[in-house]
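Okay, run20.cif now, which holds mmCIF, C-alpha atoms:
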data_start
loop_
_atom_site.label_atom_id
_atom_site.label_comp_id
_atom_site.auth_asym_id
_atom_site.auth_seq_id
_atom_site.Cartn_x
_atom_site.Cartn_y
_atom_site.Cartn_z
CA MET A 1 217.46 -20.10 169.61
CA THR A 2 217.93 -21.54 166.11
CA TYR A 3 214.91 -21.88 163.84
CA ILE A 4 214.83 -25.47 162.59
CA VAL A 5 213.69 -26.41 159.11
CA ALA A 6 213.37 -30.19 158.74
CA LEU A 7 213.85 -31.78 155.32
CA THR A 8 212.48 -35.26 154.76
CA GLY A 9 211.39 -37.67 152.06
CA GLY A 10 211.35 -41.36 151.23
CA ILE A 11 214.44 -43.33 150.29
CA ALA A 12 216.00 -42.12 147.02
CA SER A 13 213.49 -39.28 146.76
CA GLY A 14 216.24 -36.75 146.19
CA LYS A 15 216.84 -35.37 149.69
CA SER A 16 220.60 -35.13 149.17
CA THR A 17 220.16 -33.29 145.87
CA VAL A 18 217.93 -30.71 147.55
CA ALA A 19 220.13 -30.43 150.65
CA ASN A 20 223.14 -29.77 148.41
CA LEU A 21 221.25 -26.90 146.75
CA PHE A 22 220.66 -25.36 150.18
CA ALA A 23 224.34 -25.90 151.05
CA GLU A 24 225.34 -23.93 147.94
CA HIS A 25 223.73 -20.93 149.66
CA GLN A 26 225.85 -21.53 152.78
CA VAL A 27 222.88 -22.81 154.78
CA ASP A 28 223.97 -24.81 157.84
CA ILE A 29 223.11 -28.48 157.23
CA ILE A 30 222.60 -31.04 159.99
CA ASP A 31 222.22 -34.44 158.34
CA ALA A 32 220.80 -37.33 160.37
CA ASP A 33 222.35 -39.84 157.95
CA VAL A 34 225.81 -38.38 158.53
CA ILE A 35 225.25 -38.50 162.29
CA ALA A 36 223.96 -42.08 162.01
CA ARG A 37 227.22 -43.06 160.31
CA GLU A 38 229.29 -41.25 162.93
CA VAL A 39 227.75 -43.11 165.88
CA VAL A 40 228.59 -46.53 164.38
CA GLU A 41 232.18 -45.79 163.34
CA PRO A 42 234.85 -48.25 164.53
CA GLY A 43 235.62 -47.65 168.19
CA GLN A 44 232.22 -46.15 168.96
CA PRO A 45 230.25 -47.83 171.80
CA ALA A 46 227.25 -48.37 169.50
CA LEU A 47 229.22 -50.51 167.05
CA GLN A 48 230.63 -52.53 169.92
CA ALA A 49 227.12 -53.17 171.23
CA MET A 50 225.92 -54.14 167.75
CA THR A 51 228.80 -56.58 167.30
CA THR A 52 227.99 -58.18 170.64
CA TYR A 53 224.33 -58.54 169.62
CA PHE A 54 224.64 -59.55 165.95
CA GLY A 55 228.15 -61.05 165.90
CA ASN A 56 231.20 -60.18 163.78
CA GLN A 57 229.21 -61.02 160.64
CA ILE A 58 228.08 -57.37 160.50
CA LEU A 59 231.67 -56.14 160.12
CA LEU A 60 233.79 -55.70 157.03
CA LYS A 61 237.40 -56.89 157.05
CA ASN A 62 238.59 -53.41 158.04
CA GLY A 63 236.37 -53.44 161.13
CA SER A 64 233.76 -50.99 159.81
CA LEU A 65 230.06 -51.74 159.58
CA ASN A 66 228.79 -53.85 156.67
CA ARG A 67 225.64 -51.83 156.10
CA LYS A 68 224.26 -53.98 153.33
CA HIS A 69 224.47 -57.14 155.42
CA LEU A 70 223.00 -55.41 158.48
CA ARG A 71 220.10 -54.15 156.36
CA THR A 72 219.37 -57.71 155.25
CA ILE A 73 219.35 -58.91 158.85
CA ILE A 74 217.04 -56.24 160.25
CA PHE A 75 214.57 -56.44 157.38
CA SER A 76 214.23 -60.19 157.96
CA ASP A 77 213.50 -59.87 161.69
CA PRO A 78 211.37 -57.07 163.23
CA GLU A 79 212.81 -57.77 166.71
CA HIS A 80 216.34 -57.11 165.44
CA LYS A 81 215.16 -53.88 163.83
CA GLN A 82 213.46 -52.77 167.04
CA TRP A 83 216.58 -53.52 169.10
CA LEU A 84 218.77 -51.54 166.71
CA ASN A 85 216.37 -48.58 166.66
CA GLN A 86 216.28 -48.47 170.46
CA LEU A 87 220.08 -48.40 170.52
CA LEU A 88 220.74 -45.88 167.78
CA HIS A 89 217.87 -43.38 167.78
CA PRO A 90 218.62 -41.86 171.23
CA LEU A 91 222.31 -41.53 170.29
CA ILE A 92 221.48 -39.90 166.95
CA GLN A 93 218.97 -37.53 168.55
CA GLN A 94 221.42 -36.53 171.30
CA ARG A 95 224.16 -35.72 168.79
CA THR A 96 221.66 -33.90 166.56
CA LEU A 97 220.54 -31.65 169.41
CA GLN A 98 224.19 -30.92 170.22
CA LYS A 99 224.85 -29.84 166.63
CA ILE A 100 221.72 -27.67 166.55
CA ALA A 101 222.78 -26.03 169.82
CA GLN A 102 226.19 -25.28 168.29
CA CYS A 103 224.63 -23.63 165.22
CA SER A 104 225.28 -19.89 165.16
CA ALA A 105 223.01 -19.08 162.19
CA GLU A 106 219.41 -17.91 162.62
CA TRP A 107 218.19 -21.12 161.00
CA CYS A 108 219.49 -24.51 159.96
CA LEU A 109 218.37 -27.32 157.68
CA TRP A 110 217.89 -30.62 159.51
CA VAL A 111 217.87 -33.50 157.01
CA VAL A 112 215.89 -36.40 158.55
CA PRO A 113 214.87 -39.38 156.38
CA LEU A 114 212.70 -40.93 159.13
CA LEU A 115 211.10 -37.74 160.43
CA VAL A 116 207.56 -39.11 160.16
CA GLU A 117 208.37 -42.67 161.26
CA ASN A 118 210.09 -41.48 164.44
CA ARG A 119 207.55 -38.70 165.07
CA LEU A 120 210.19 -36.01 165.18
CA HIS A 121 208.43 -33.29 163.18
CA SER A 122 207.33 -31.49 166.36
CA LEU A 123 211.01 -30.66 167.00
CA ALA A 124 211.12 -28.48 163.88
CA GLN A 125 209.45 -25.14 163.23
CA ARG A 126 208.99 -25.93 159.52
CA VAL A 127 208.91 -29.14 157.47
CA ILE A 128 209.91 -29.59 153.82
CA VAL A 129 208.97 -32.83 152.08
CA VAL A 130 210.89 -33.84 148.97
CA ASP A 131 208.27 -35.64 146.93
CA SER A 132 208.93 -38.20 144.21
CA ASP A 133 206.81 -40.87 142.58
CA GLU A 134 207.46 -44.44 143.75
CA ASP A 135 208.59 -45.79 140.38
CA ARG A 136 211.37 -43.22 140.26
CA GLN A 137 212.36 -44.00 143.86
CA ILE A 138 212.64 -47.69 143.03
CA GLU A 139 214.75 -46.99 139.97
CA ARG A 140 217.08 -44.66 141.88
CA VAL A 141 217.61 -46.89 144.91
CA CYS A 142 218.27 -49.98 142.75
CA GLN A 143 220.93 -48.08 140.81
CA ARG A 144 222.43 -46.40 143.87
CA ASP A 145 222.55 -49.34 146.27
CA HIS A 146 222.82 -52.17 143.71
CA ILE A 147 219.80 -54.00 145.09
CA THR A 148 216.90 -55.80 143.44
CA LYS A 149 213.54 -54.23 142.70
CA SER A 150 211.85 -56.41 145.34
CA GLU A 151 214.38 -55.28 147.96
CA ALA A 152 213.76 -51.64 147.02
CA ILE A 153 210.00 -52.09 147.29
CA ALA A 154 210.41 -53.72 150.72
CA ILE A 155 212.40 -50.72 151.97
CA ILE A 156 209.85 -48.25 150.62
CA GLN A 157 206.97 -50.20 152.16
CA SER A 158 208.74 -50.20 155.55
CA GLN A 159 208.78 -46.38 155.54
CA ALA A 160 205.98 -43.88 155.98
CA THR A 161 203.70 -43.54 153.00
CA ARG A 162 203.90 -40.65 150.58
CA GLN A 163 200.53 -39.43 151.92
CA GLN A 164 201.75 -39.52 155.55
CA ARG A 165 204.75 -37.36 154.70
CA LEU A 166 202.73 -34.88 152.67
CA ALA A 167 200.27 -34.55 155.56
CA ILE A 168 202.93 -32.94 157.78
CA ALA A 169 204.54 -30.79 155.06
CA ASP A 170 204.66 -27.02 155.28
CA ASP A 171 206.52 -26.91 151.97
CA ILE A 172 206.74 -29.50 149.19
CA ILE A 173 209.56 -29.84 146.68
CA ASP A 174 208.70 -31.91 143.62
CA ASN A 175 211.91 -33.74 142.75
CA ASN A 176 210.56 -34.71 139.34
CA LEU A 177 211.38 -31.12 138.29
CA PRO A 178 214.51 -30.29 136.27
CA GLN A 179 217.57 -29.16 138.24
CA SER A 180 217.11 -25.49 137.29
CA ALA A 181 213.54 -25.48 138.64
CA LEU A 182 214.70 -27.20 141.85
CA ALA A 183 217.39 -24.56 142.33
CA GLU A 184 214.84 -21.78 141.85
CA LYS A 185 212.45 -23.38 144.34
CA VAL A 186 215.22 -23.68 146.94
CA ALA A 187 216.24 -20.04 146.44
CA GLN A 188 212.62 -18.95 147.02
CA LEU A 189 212.35 -21.06 150.17
CA ILE A 190 215.57 -19.60 151.56
CA LEU A 191 214.06 -16.10 151.35
CA THR A 192 210.98 -17.40 153.18
CA TYR A 193 213.01 -19.07 155.92
CA ASN A 194 215.24 -16.03 156.39
CA GLN A 195 212.09 -14.02 157.14
CA LEU A 196 210.50 -16.67 159.35
CA ALA A 197 213.71 -17.19 161.30
CA SER A 198 214.06 -13.46 161.88
CA GLU A 199 210.49 -13.25 163.19
CA TYR A 200 211.05 -16.35 165.36
CA LYS A 201 214.19 -14.83 166.86
CA GLY A 202 212.31 -11.61 167.61
CA ARG A 203 209.59 -13.52 169.47
CA ASN A 204 212.14 -15.46 171.55
CA LEU A 205 214.42 -12.62 172.61
#

In structure tokens, write the structure found in this file.
Amino acid sequence: MTYIVALTGGIASGKSTVANLFAEHQVDIIDADVIAREVVEPGQPALQAMTTYFGNQILLKNGSLNRKHLRTIIFSDPEHKQWLNQLLHPLIQQRTLQKIAQCSAEWCLWVVPLLVENRLHSLAQRVIVVDSDEDRQIERVCQRDHITKSEAIAIIQSQATRQQRLAIADDIIDNNLPQSALAEKVAQLILTYNQLASEYKGRNL
């Protein structure tokens, strides 16, 4: 049974940067964002259901999902957001569990942006929170997604608070640190998780 370390943090907090540092050590990564993109690829039943519900306006000319337009729609109507969550979350969770079951390593890193919001932390044996101050998050997401400051603030406010995430953290990574310090922190955590995973395996034999 694979020991699961969940990695979470607010939007543009630096989760991908940290996950990439773990990947450099050949840690198995299961990324909920990647899975979320897979389940809405052209030809997937979820995208067909979404097109039926929202109309072809959510599609780009090549038939793929227009994420930016969909985000605008669901943030303007809570009922639309709820409908979409009820469609996608079970599909994402099912595929996630399949990938975890296929993992042959003693432990894996499960990257989950909405771990707190969807109350998924009980599925992991350990939780890392990538912590960043809100001003830096706003700056990063505006640059990355080419959105306005008010749009960035609205996204951040729709997520769990910084305090709520920190409350479930076993380990905290401060993403305001320089890259060298981040890399050192990740290397230390890997040693910890190797030990914890070995002990966990021993208890579950």

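Note that the spacing between CA of Lys99 in chain A and CA of Arg37 in chain A amounts to 14.8 Å.
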
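Distance-wise, CA of Ile100 in chain A and CA of Pro42 in chain A end up 24.5 Å apart.
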
Quiz item: Got a sec: who's within 12 Å of Gln195 in chain A, counting all atoms listed in the file, leaving out chain neighbours fewer than 6 positions off, as a ChimeraX atom specification?
Solution: /A:3,106-107,188-189,201-202

Self-check item: Long-range neighbours of Val111 in chain A as a list in words, 6 Å cut-off, only C-alpha atoms, 2 positions minimum in chain
Solution: Ala6, Leu7, Asp31 and Ala32 of chain A

Exercise. Pick out the closest residue to Asp131 in chain A from this set: A:Ala19, A:Leu115, A:Ala160, A:Ile172. Count only C-alpha atoms.
Key: A:Ile172

Quiz prompt | Residues matched by the PyMOL selection byres ((chain A and resi 141) around 12) as a ChimeraX atom specification | solution = /A:10-14,134-140,142-156

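The smallest atom-to-atom distance between Cys103 in chain A and any of A:Gln179, A:Ser158, A:Gln163, A:Ile30, using only C-alpha atoms, is found for A:Ile30.
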
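Remark: for Met1 in chain A, the closest of the candidate residues A:Ala181, A:Gln125, A:Arg71, A:Lys15 is A:Gln125 (distances computed over only C-alpha atoms).
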
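Distances from A:Glu184, A:Asp33, A:Asp170, A:Glu41 to Arg126 in chain A were compared using only C-alpha atoms, and the smallest one belongs to A:Asp170.
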
Self-check item: Pick from A:Ser16, A:Asn175, A:Gln44, A:Asn204 nearest to Leu88 in chain A, counting only C-alpha atoms
Solution: A:Gln44

Quiz item: Near Leu70 in chain A, counting all atoms listed in the file, which residues have an atom at most 9 Å away, once you skip same-chain residues fewer than 4 positions from it, shown as a list in words?
Solution: Phe54, Gln57, Ile58, Leu59, Leu65, Asn66, Ile74 and Phe75 of chain A

Exercise. Quote the spacing between CA of Val5 in chain A and CA of Ala124 in chain A in Å to one decimal place.
Key: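 Interatomic distance, CA of Val5 in chain A to CA of Ala124 in chain A: 5.8 Å.
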
Exercise. For each of A:Gly43, A:Thr2, A:Ile173, A:Ser198, take the minimum atom-to-atom distance to Lys185 in chain A, counting all atoms listed in the file, then give the residue where this is smallest.
Key: A:Ile173

Taking all atoms of range 21-25 of chain A that the file lists, what box with edges along x, y and z, padded by 8 Å per side, do you get, with centre and edge lengths in Å to one decimal, as lines of an AutoDock Vina configuration file?
center_x = 223.0
center_y = -23.9
center_z = 148.9
size_x = 20.7
size_y = 22.0
size_z = 20.3

Quiz item: Which residues, written as a list of chain:residue names, have at least one atom at most 10 Å from Gln159 in chain A, with all atoms listed in the file counted and residues fewer than 6 positions away on the same chain left out?
Solution: A:Gly9, A:Gly10, A:Ile11, A:Pro113, A:Leu114, A:Val116, A:Glu117, A:Arg165

Practice problem: Could you expand the PyMOL selection byres ((chain A and resi 25) around 12) into the explicit residues it covers here, written as number ranges by chain? | Solution: A: 18-24, 26-29, 108-109, 183-184, 186-191, 194

Writing out the chosen residues with C-alpha atoms as a PDB file, keeping the file's coordinate frame:
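Wrote it out as out_1.pdb, contents follow:
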ATOM      1  CA  VAL A  18     217.930 -30.710 147.550  1.00  0.00           C
ATOM      2  CA  ALA A  19     220.130 -30.430 150.650  1.00  0.00           C
ATOM      3  CA  ASN A  20     223.140 -29.770 148.410  1.00  0.00           C
ATOM      4  CA  LEU A  21     221.250 -26.900 146.750  1.00  0.00           C
ATOM      5  CA  PHE A  22     220.660 -25.360 150.180  1.00  0.00           C
ATOM      6  CA  ALA A  23     224.340 -25.900 151.050  1.00  0.00           C
ATOM      7  CA  GLU A  24     225.340 -23.930 147.940  1.00  0.00           C
ATOM      8  CA  GLN A  26     225.850 -21.530 152.780  1.00  0.00           C
ATOM      9  CA  VAL A  27     222.880 -22.810 154.780  1.00  0.00           C
ATOM     10  CA  ASP A  28     223.970 -24.810 157.840  1.00  0.00           C
ATOM     11  CA  ILE A  29     223.110 -28.480 157.230  1.00  0.00           C
ATOM     12  CA  CYS A 108     219.490 -24.510 159.960  1.00  0.00           C
ATOM     13  CA  LEU A 109     218.370 -27.320 157.680  1.00  0.00           C
ATOM     14  CA  ALA A 183     217.390 -24.560 142.330  1.00  0.00           C
ATOM     15  CA  GLU A 184     214.840 -21.780 141.850  1.00  0.00           C
ATOM     16  CA  VAL A 186     215.220 -23.680 146.940  1.00  0.00           C
ATOM     17  CA  ALA A 187     216.240 -20.040 146.440  1.00  0.00           C
ATOM     18  CA  GLN A 188     212.620 -18.950 147.020  1.00  0.00           C
ATOM     19  CA  LEU A 189     212.350 -21.060 150.170  1.00  0.00           C
ATOM     20  CA  ILE A 190     215.570 -19.600 151.560  1.00  0.00           C
ATOM     21  CA  LEU A 191     214.060 -16.100 151.350  1.00  0.00           C
ATOM     22  CA  ASN A 194     215.240 -16.030 156.390  1.00  0.00           C
TER      23      ASN A 194
END

Name every residue that the PyMOL selection byres ((chain A and resi 83) around 12) selects in this structure, writing the answer as a compact mmCIF listing (two decimals) with C-alpha atoms, in the coordinates of the input with chains first and numbers rising.
# COMPACT_ATOMS: atom_id res chain seq x y z
CA ALA A 46 227.25 -48.37 169.50
CA ALA A 49 227.12 -53.17 171.23
CA MET A 50 225.92 -54.14 167.75
CA TYR A 53 224.33 -58.54 169.62
CA PHE A 54 224.64 -59.55 165.95
CA ILE A 73 219.35 -58.91 158.85
CA ILE A 74 217.04 -56.24 160.25
CA ASP A 77 213.50 -59.87 161.69
CA PRO A 78 211.37 -57.07 163.23
CA GLU A 79 212.81 -57.77 166.71
CA HIS A 80 216.34 -57.11 165.44
CA LYS A 81 215.16 -53.88 163.83
CA GLN A 82 213.46 -52.77 167.04
CA LEU A 84 218.77 -51.54 166.71
CA ASN A 85 216.37 -48.58 166.66
CA GLN A 86 216.28 -48.47 170.46
CA LEU A 87 220.08 -48.40 170.52
CA LEU A 88 220.74 -45.88 167.78
CA HIS A 89 217.87 -43.38 167.78
